[in-house]
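Asker: For reference, the file final_28.tsv (TSV, C-alpha atoms) is included below:
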```
chain	number	residue	atom	x	y	z
O	67	MET	CA	19.78	-38.30	-5.22
O	68	PRO	CA	16.70	-39.63	-7.07
O	69	LYS	CA	17.19	-42.54	-9.47
O	70	HIS	CA	16.10	-42.78	-13.07
O	71	LEU	CA	12.90	-44.61	-13.85
O	72	SER	CA	12.93	-48.39	-14.23
O	73	LEU	CA	10.36	-50.63	-15.86
O	74	THR	CA	10.33	-53.23	-13.10
O	75	ALA	CA	9.64	-50.68	-10.36
O	76	LEU	CA	6.54	-49.51	-12.21
O	77	SER	CA	5.09	-52.85	-13.28
O	78	ASN	CA	2.49	-52.94	-10.50
O	79	ILE	CA	1.24	-49.35	-10.83
O	80	ARG	CA	-2.54	-48.99	-11.13
O	81	LEU	CA	-3.08	-45.44	-9.83
O	82	ILE	CA	-1.16	-42.24	-10.56
O	83	ALA	CA	-1.68	-39.35	-8.13
O	84	THR	CA	-0.21	-36.34	-9.87
O	85	ASP	CA	0.26	-32.62	-9.51
O	86	MET	CA	-0.88	-30.50	-12.44
O	87	ASP	CA	1.01	-27.22	-12.98
O	88	GLY	CA	4.58	-27.89	-14.08
O	89	THR	CA	3.91	-31.64	-13.98
O	90	LEU	CA	1.13	-32.21	-16.52
O	91	THR	CA	1.48	-28.83	-18.23
O	92	LYS	CA	4.25	-27.67	-20.54
O	93	ARG	CA	4.91	-23.93	-20.41
O	94	GLY	CA	1.50	-23.59	-18.74
O	95	LYS	CA	-0.47	-25.56	-21.35
O	96	PHE	CA	-1.77	-29.08	-21.88
O	97	THR	CA	-0.19	-30.64	-24.95
O	98	PRO	CA	-1.75	-33.14	-27.37
O	99	ALA	CA	0.84	-35.67	-26.14
O	100	LEU	CA	-0.34	-35.24	-22.55
O	101	LEU	CA	-4.00	-35.71	-23.46
O	102	GLN	CA	-3.07	-38.82	-25.47
O	103	ALA	CA	-1.10	-40.16	-22.48
O	104	LEU	CA	-4.16	-39.75	-20.24
O	105	GLU	CA	-6.29	-41.58	-22.80
O	106	ASP	CA	-3.72	-44.38	-23.05
O	107	LEU	CA	-3.65	-44.78	-19.28
O	108	ALA	CA	-7.45	-44.91	-19.12
O	109	ALA	CA	-7.49	-47.56	-21.85
O	110	ALA	CA	-5.03	-49.62	-19.78
O	111	ASN	CA	-7.28	-49.24	-16.72
O	112	ILE	CA	-4.70	-47.16	-14.87
O	113	LYS	CA	-6.48	-44.42	-12.99
O	114	VAL	CA	-5.15	-40.86	-12.73
O	115	LEU	CA	-6.02	-38.68	-9.75
O	116	ILE	CA	-5.19	-34.97	-9.99
O	117	VAL	CA	-3.65	-33.56	-6.79
O	118	THR	CA	-3.25	-29.82	-7.27
O	119	GLY	CA	-3.00	-26.56	-5.40
O	120	ARG	CA	-5.43	-24.93	-7.81
O	121	SER	CA	-8.73	-23.51	-6.56
O	122	ALA	CA	-11.94	-25.45	-5.98
O	123	GLY	CA	-13.70	-23.51	-8.73
O	124	TRP	CA	-10.93	-24.10	-11.25
O	125	VAL	CA	-10.62	-27.83	-10.49
O	126	SER	CA	-14.38	-28.38	-10.51
O	127	GLY	CA	-14.64	-27.34	-14.15
O	128	LEU	CA	-11.42	-28.84	-15.45
O	129	SER	CA	-11.58	-32.26	-13.79
O	130	SER	CA	-15.02	-32.96	-15.23
O	131	LEU	CA	-13.58	-32.55	-18.75
O	132	MET	CA	-10.53	-34.79	-18.32
O	133	PRO	CA	-10.28	-38.61	-18.41
O	134	VAL	CA	-9.35	-38.81	-14.72
O	135	ALA	CA	-10.63	-40.64	-11.65
O	136	GLY	CA	-11.25	-37.45	-9.70
O	137	ALA	CA	-9.23	-34.52	-8.44
O	138	MET	CA	-8.09	-32.89	-5.22
O	139	ALA	CA	-7.94	-29.10	-5.02
O	140	GLU	CA	-6.23	-26.56	-2.76
O	141	ASN	CA	-3.38	-28.85	-1.66
O	142	GLY	CA	-5.62	-31.42	-0.03
O	143	GLY	CA	-8.51	-29.16	0.95
O	144	LEU	CA	-11.23	-30.67	-1.22
O	145	TYR	CA	-11.88	-33.81	-3.26
O	146	PHE	CA	-13.91	-33.89	-6.45
O	147	PRO	CA	-15.08	-37.45	-7.19
O	148	PRO	CA	-15.38	-38.52	-10.83
O	149	GLY	CA	-18.47	-37.26	-12.63
O	150	ASN	CA	-20.45	-34.23	-11.53
O	151	GLN	CA	-20.79	-35.07	-7.86
O	152	LYS	CA	-20.49	-32.37	-5.21
O	153	PRO	CA	-17.01	-31.77	-3.81
O	154	ILE	CA	-16.08	-33.27	-0.48
O	155	VAL	CA	-14.36	-30.90	1.95
O	156	LEU	CA	-11.41	-32.77	3.44
O	157	THR	CA	-10.41	-30.00	5.86
O	158	PRO	CA	-13.22	-29.37	8.37
O	159	ILE	CA	-14.26	-25.70	8.42
O	160	LEU	CA	-17.03	-24.79	10.85
O	161	ASP	CA	-17.76	-21.28	9.56
O	162	LEU	CA	-16.65	-20.61	6.00
O	163	ALA	CA	-17.34	-16.85	6.10
O	164	LYS	CA	-15.20	-16.39	9.23
O	165	HIS	CA	-12.51	-18.65	7.79
O	166	ARG	CA	-12.25	-16.52	4.64
O	167	GLN	CA	-12.15	-13.34	6.70
O	168	HIS	CA	-9.33	-14.67	8.87
O	169	LEU	CA	-7.38	-15.59	5.74
O	170	ALA	CA	-7.96	-12.12	4.27
O	171	THR	CA	-6.74	-10.49	7.49
O	172	THR	CA	-3.61	-12.64	7.48
O	173	PHE	CA	-2.89	-11.66	3.88
O	174	GLU	CA	-3.33	-7.96	4.71
O	175	LYS	CA	-0.78	-8.31	7.52
O	176	LEU	CA	1.68	-9.91	5.11
O	177	GLN	CA	1.14	-7.06	2.64
O	178	THR	CA	2.26	-4.50	5.23
O	179	GLN	CA	5.70	-6.13	5.18
O	180	PHE	CA	5.66	-7.26	1.53
O	181	PRO	CA	3.64	-4.62	-0.37
O	182	GLN	CA	4.55	-6.18	-3.72
O	183	ILE	CA	2.50	-9.35	-3.18
O	184	GLN	CA	-0.76	-9.53	-5.10
O	185	GLU	CA	-3.78	-11.74	-4.54
O	186	SER	CA	-4.01	-14.47	-7.20
O	187	VAL	CA	-6.76	-14.10	-9.78
O	188	ASP	CA	-8.31	-17.44	-8.77
O	189	ASN	CA	-8.43	-16.60	-5.06
O	190	ARG	CA	-12.13	-15.70	-5.18
O	191	PHE	CA	-12.88	-19.29	-6.23
O	192	ARG	CA	-11.16	-20.83	-3.21
O	193	VAL	CA	-12.68	-22.45	-0.13
O	194	THR	CA	-9.93	-23.55	2.28
O	195	ASP	CA	-6.83	-21.46	1.47
O	196	TRP	CA	-5.69	-18.04	0.22
O	197	THR	CA	-3.20	-17.52	-2.59
O	198	PHE	CA	-0.92	-14.83	-3.92
O	199	ASP	CA	1.53	-14.80	-6.80
O	200	VAL	CA	5.03	-16.13	-6.14
O	201	ALA	CA	6.84	-14.40	-9.04
O	202	THR	CA	7.84	-11.22	-7.16
O	203	LEU	CA	9.38	-13.02	-4.17
O	204	SER	CA	12.93	-14.16	-3.46
O	205	GLN	CA	13.63	-17.42	-1.66
O	206	ASP	CA	14.53	-15.53	1.52
O	207	GLU	CA	11.26	-13.59	1.38
O	208	ILE	CA	9.31	-16.82	0.91
O	209	GLN	CA	10.94	-18.28	4.00
O	210	THR	CA	10.14	-15.14	6.02
O	211	ILE	CA	6.50	-15.32	4.92
O	212	ASN	CA	6.44	-18.98	5.92
O	213	HIS	CA	7.61	-18.10	9.45
O	214	LEU	CA	5.10	-15.24	9.73
O	215	CYS	CA	2.23	-17.51	8.71
O	216	GLN	CA	3.29	-20.10	11.28
O	217	GLN	CA	3.39	-17.43	13.98
O	218	MET	CA	-0.16	-16.39	13.08
O	219	GLY	CA	-1.42	-19.97	13.32
O	220	TRP	CA	-1.48	-20.84	9.61
O	221	GLY	CA	0.33	-23.28	7.37
O	222	PHE	CA	2.16	-22.13	4.26
O	223	THR	CA	3.44	-23.67	1.06
O	224	TYR	CA	4.31	-22.57	-2.46
O	225	SER	CA	4.62	-23.90	-5.99
O	226	ASN	CA	6.06	-22.58	-9.23
O	227	VAL	CA	2.83	-20.57	-9.58
O	228	GLN	CA	1.49	-19.44	-6.20
O	229	CYS	CA	2.00	-19.07	-2.47
O	230	HIS	CA	-0.67	-20.59	-0.25
O	231	ILE	CA	-1.83	-19.55	3.22
O	232	LYS	CA	-3.63	-22.64	4.47
O	233	PRO	CA	-4.90	-24.42	7.57
O	234	GLN	CA	-2.09	-26.05	9.52
O	235	GLY	CA	-1.79	-29.74	8.71
O	236	GLN	CA	-3.47	-29.41	5.31
O	237	ASP	CA	-1.23	-30.81	2.59
O	238	LYS	CA	-1.40	-33.08	-0.40
O	239	ALA	CA	-0.32	-36.24	1.42
O	240	VAL	CA	-2.88	-35.85	4.22
O	241	GLY	CA	-5.65	-35.26	1.71
O	242	LEU	CA	-4.54	-38.06	-0.59
O	243	LEU	CA	-4.30	-40.57	2.24
O	244	GLN	CA	-7.86	-39.68	3.30
O	245	VAL	CA	-9.16	-40.05	-0.26
O	246	LEU	CA	-7.40	-43.40	-0.68
O	247	ARG	CA	-8.74	-44.66	2.65
O	248	GLU	CA	-12.34	-43.55	2.16
O	249	TYR	CA	-12.94	-43.54	-1.59
O	250	LEU	CA	-10.23	-45.64	-3.28
O	251	PRO	CA	-9.50	-48.38	-0.73
O	252	ASP	CA	-8.62	-51.09	-3.25
O	253	TYR	CA	-5.15	-49.76	-4.04
O	254	SER	CA	-2.10	-50.82	-2.06
O	255	PRO	CA	0.89	-48.46	-1.66
O	256	GLU	CA	2.86	-50.55	-4.18
O	257	GLN	CA	0.16	-49.88	-6.80
O	258	ILE	CA	0.34	-46.10	-6.44
O	259	VAL	CA	2.86	-43.64	-7.85
O	260	THR	CA	2.84	-40.00	-6.76
O	261	VAL	CA	4.17	-37.34	-9.13
O	262	GLY	CA	5.13	-33.69	-8.69
O	263	ASP	CA	7.59	-30.88	-9.35
O	264	SER	CA	7.41	-28.24	-6.58
O	265	PRO	CA	7.72	-27.67	-2.82
O	266	ASN	CA	3.96	-28.05	-2.37
O	267	ASP	CA	4.38	-31.60	-3.70
O	268	GLU	CA	6.98	-32.48	-1.07
O	269	SER	CA	4.59	-34.49	1.11
O	270	LEU	CA	3.85	-36.72	-1.90
O	271	PHE	CA	7.54	-37.71	-1.85
O	272	ASP	CA	7.40	-38.96	1.76
O	273	ARG	CA	8.46	-42.61	1.39
O	274	HIS	CA	6.82	-43.57	4.69
O	275	TYR	CA	3.45	-43.11	2.98
O	276	PHE	CA	4.26	-43.36	-0.73
O	277	PRO	CA	7.12	-45.76	-1.47
O	278	ILE	CA	7.04	-45.02	-5.23
O	279	SER	CA	7.27	-41.34	-6.14
O	280	VAL	CA	8.45	-39.53	-9.25
O	281	GLY	CA	9.59	-35.98	-9.84
O	282	VAL	CA	9.54	-34.59	-13.35
O	283	ALA	CA	12.98	-33.19	-14.15
O	284	ASN	CA	12.19	-29.59	-13.17
O	285	VAL	CA	11.83	-30.74	-9.54
O	286	LEU	CA	15.64	-30.65	-9.42
O	287	GLU	CA	15.40	-26.84	-9.25
O	288	TYR	CA	14.13	-27.31	-5.68
O	289	ALA	CA	16.32	-30.28	-4.73
O	290	ASP	CA	18.14	-28.40	-1.97
O	291	LYS	CA	14.86	-27.13	-0.52
O	292	LEU	CA	13.03	-30.45	-0.17
O	293	GLN	CA	13.30	-32.57	2.95
O	294	HIS	CA	11.55	-35.42	1.11
O	295	GLN	CA	12.97	-36.23	-2.33
O	296	PRO	CA	11.21	-38.25	-5.03
O	297	VAL	CA	12.49	-41.81	-5.43
O	298	TYR	CA	12.76	-41.41	-9.19
O	299	VAL	CA	13.20	-38.45	-11.53
O	300	THR	CA	12.35	-38.29	-15.22
O	301	THR	CA	14.79	-37.22	-17.89
O	302	ALA	CA	12.31	-34.77	-19.39
O	303	ALA	CA	10.71	-31.79	-17.65
O	304	GLU	CA	7.09	-30.77	-17.09
O	305	GLY	CA	4.41	-32.54	-19.14
O	306	ASP	CA	7.05	-34.30	-21.25
O	307	GLY	CA	8.30	-35.91	-18.05
O	308	PHE	CA	4.81	-37.15	-17.23
O	309	CYS	CA	4.52	-38.62	-20.73
O	310	GLU	CA	7.89	-40.31	-20.17
O	311	LEU	CA	6.54	-41.84	-16.95
O	312	THR	CA	3.39	-42.96	-18.77
O	313	ASN	CA	5.47	-44.72	-21.43
O	314	TYR	CA	7.48	-46.55	-18.78
O	315	ILE	CA	4.35	-47.72	-16.98
O	316	LEU	CA	2.68	-48.95	-20.15
O	317	GLN	CA	5.89	-50.67	-21.29
O	318	SER	CA	6.25	-52.36	-17.90
O	319	PHE	CA	3.04	-54.29	-18.54
O	320	GLN	CA	4.95	-56.27	-21.16
O	321	ILE	CA	7.46	-57.54	-18.57
O	322	PRO	CA	6.46	-60.87	-16.94
O	323	ASN	CA	5.95	-60.50	-13.18
```
How does this structure look as structure tokens?
Answerer:
Amino acid sequence: MPKHLSLTALSNIRLIATDMDGTLTKRGKFTPALLQALEDLAAANIKVLIVTGRSAGWVSGLSSLMPVAGAMAENGGLYFPPGNQKPIVLTPILDLAKHRQHLATTFEKLQTQFPQIQESVDNRFRVTDWTFDVATLSQDEIQTINHLCQQMGWGFTYSNVQCHIKPQGQDKAVGLLQVLREYLPDYSPEQIVTVGDSPNDESLFDRHYFPISVGVANVLEYADKLQHQPVYVTTAAEGDGFCELTNYILQSFQIPN
């Protein structure tokens, strides 16, 4: 069972790698408190890296407006460096047109068995994966879709918002480790905290790679479905939980090392 946050465990944190939906948002929105927390972290020279399943097009616009040190989109598929630089594709794709067609064909096959699933509105802005809405699906149906995707040579994950058909081996941890290695090499594992709330954040809770991880309280809804559990869990849910984490990190600076 995850532990509650402690000041001493967070005193060395210099980089927060965090999910967005259900982790930074509250009922689907950014709050003034969340935006203030991001500003406070920036003022303390603690960098925030967004690690989301959202589409390349969506992340490109949003990340350039936020006080963050870059963003990863599509569950590790692409990295957007800070500023207006071009995105870096983390998952090699030789022929994008063929890749998109193969994803579309896979989705059509899933629809024959699950006619209720609908393509997500942001799917047209995606590069590496294909998404459909999760709301109409039971847990058993999600597991069946997972098995079908694996049989067809694809990976699969889901969040509180969407289901993702994706290249096998593409996940948030793989992408984050590549970004840390190639673009943010100055941070040790003890200086990084990973944060999330959903099954597509599970790889961020793998203690072999990320010894300090936090789930906002709503992650407990998936506790029995996660092989990797966060080390710590906040008292508050969603964006309020992230603000709680921020307060702990900033307070920890006042504790002598």
Asker: Could you pull the residues within 12 Å of Gly307 of chain O, counting all atoms listed in the file, minus those fewer than 3 positions along the same chain, as a ChimeraX atom specification?
Answerer: /O:70-71,84,88-92,99-100,103,261-263,280-285,298-304,310-314
Asker: Excluding segment 167-181 of chain O and residues on its chain fewer than 4 positions from it, collect all residues at most 9 Å away from it, counting only C-alpha atoms, and give them as an MDAnalysis selection string.
Answerer: chainID O and resid 162:163 185 195:198 203 207 211 214:215 218 220 231:232
Asker: Could you check the closest approach to Arg273 of chain O for each of O:Ala239, O:Leu246, O:Leu73, O:Ala108 and tell me which residue wins, using only C-alpha atoms?
Answerer: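 Selected residue with least distance to Arg273 of chain O: O:Ala239.
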Asker: Of the residues O:Cys309, O:Val193, O:Ile82, O:Val187, which is the one nearest to Gly142 of chain O, using only C-alpha atoms?
Answerer: O:Val193
Asker: Could you make a table, as a tab-separated table, of the residues of segment 159-240 of chain O that have an atom within 7 Å of an atom of segment 109-123 of chain O, each with its nearest atom pair and distance in Å to one decimal, counting only C-alpha atoms, in chain and number order?
Answerer:
```
residue	atom	partner	partner_atom	distance
O:Asp188	CA	O:Ser121	CA	6.5
O:Phe191	CA	O:Gly123	CA	5.0
O:Arg192	CA	O:Ser121	CA	4.9
O:Val193	CA	O:Ala122	CA	6.6
O:Lys238	CA	O:Val117	CA	6.8
```
Asker: If we count all atoms listed in the file, what is near segment 151-159 of chain O at a cut-off of 9 Å, once residues fewer than 4 positions away on the same chain are taken out, given as a PyMOL selection string?
Answerer: chain O and resi 122+126+142-147+165+193-194+233+236+241+244-245
Asker: What would the file look like if the residues just selected were written as a compact mmCIF listing (two decimals), keeping the file's coordinate frame with C-alpha atoms?
Answerer:
```
# COMPACT_ATOMS: atom_id res chain seq x y z
CA ALA O 122 -11.94 -25.45 -5.98
CA SER O 126 -14.38 -28.38 -10.51
CA GLY O 142 -5.62 -31.42 -0.03
CA GLY O 143 -8.51 -29.16 0.95
CA LEU O 144 -11.23 -30.67 -1.22
CA TYR O 145 -11.88 -33.81 -3.26
CA PHE O 146 -13.91 -33.89 -6.45
CA PRO O 147 -15.08 -37.45 -7.19
CA HIS O 165 -12.51 -18.65 7.79
CA VAL O 193 -12.68 -22.45 -0.13
CA THR O 194 -9.93 -23.55 2.28
CA PRO O 233 -4.90 -24.42 7.57
CA GLN O 236 -3.47 -29.41 5.31
CA GLY O 241 -5.65 -35.26 1.71
CA GLN O 244 -7.86 -39.68 3.30
CA VAL O 245 -9.16 -40.05 -0.26
```
Asker: State, in Å with one decimal place, the distance from atom CA of Thr260 of chain O to atom CA of Leu128 of chain O.
Answerer: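 Value for the atom CA of Thr260 of chain O-atom CA of Leu128 of chain O distance: 20.1 Å.
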Asker: For a test of reading the model, state the distance in Å between atom CA of Asp252 of chain O and atom CA of Pro133 of chain O, rounded to one decimal.
Answerer: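 Separation between atom CA of Asp252 of chain O and atom CA of Pro133 of chain O: 19.7 Å.
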Asker: Could you list, as a tab-separated table (two decimals) with C-alpha atoms, in the frame of the given file, every residue within 8 Å of Thr223 of chain O, counting all atoms listed in the file and ignoring same-chain residues fewer than 6 positions away?
Answerer:
```tsv
chain	number	residue	atom	x	y	z
O	212	ASN	CA	6.44	-18.98	5.92
O	229	CYS	CA	2.00	-19.07	-2.47
O	230	HIS	CA	-0.67	-20.59	-0.25
O	231	ILE	CA	-1.83	-19.55	3.22
O	232	LYS	CA	-3.63	-22.64	4.47
O	265	PRO	CA	7.72	-27.67	-2.82
O	266	ASN	CA	3.96	-28.05	-2.37
```
Asker: Just give me the gap between atom CA of Gly94 of chain O and atom CA of Ala201 of chain O in Å, one decimal is fine.
Answerer: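 Atom CA of Ala201 of chain O lies 14.4 Å from atom CA of Gly94 of chain O.
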Asker: So, with all atoms listed in the file as the atoms that count, which of O:Gly221, O:Pro277, O:Pro296, O:Pro255 lies closest to Asn141 of chain O?
Answerer: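 Of all the options, O:Gly221 lies closest to Asn141 of chain O.
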Asker: Between O:Val240, O:Ile208, O:Gln295, O:Ile258, which residue has the minimum interatomic distance to Phe271 of chain O, considering all atoms listed in the file?
Answerer: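 That would be O:Gln295, the residue with the smallest distance to Phe271 of chain O.
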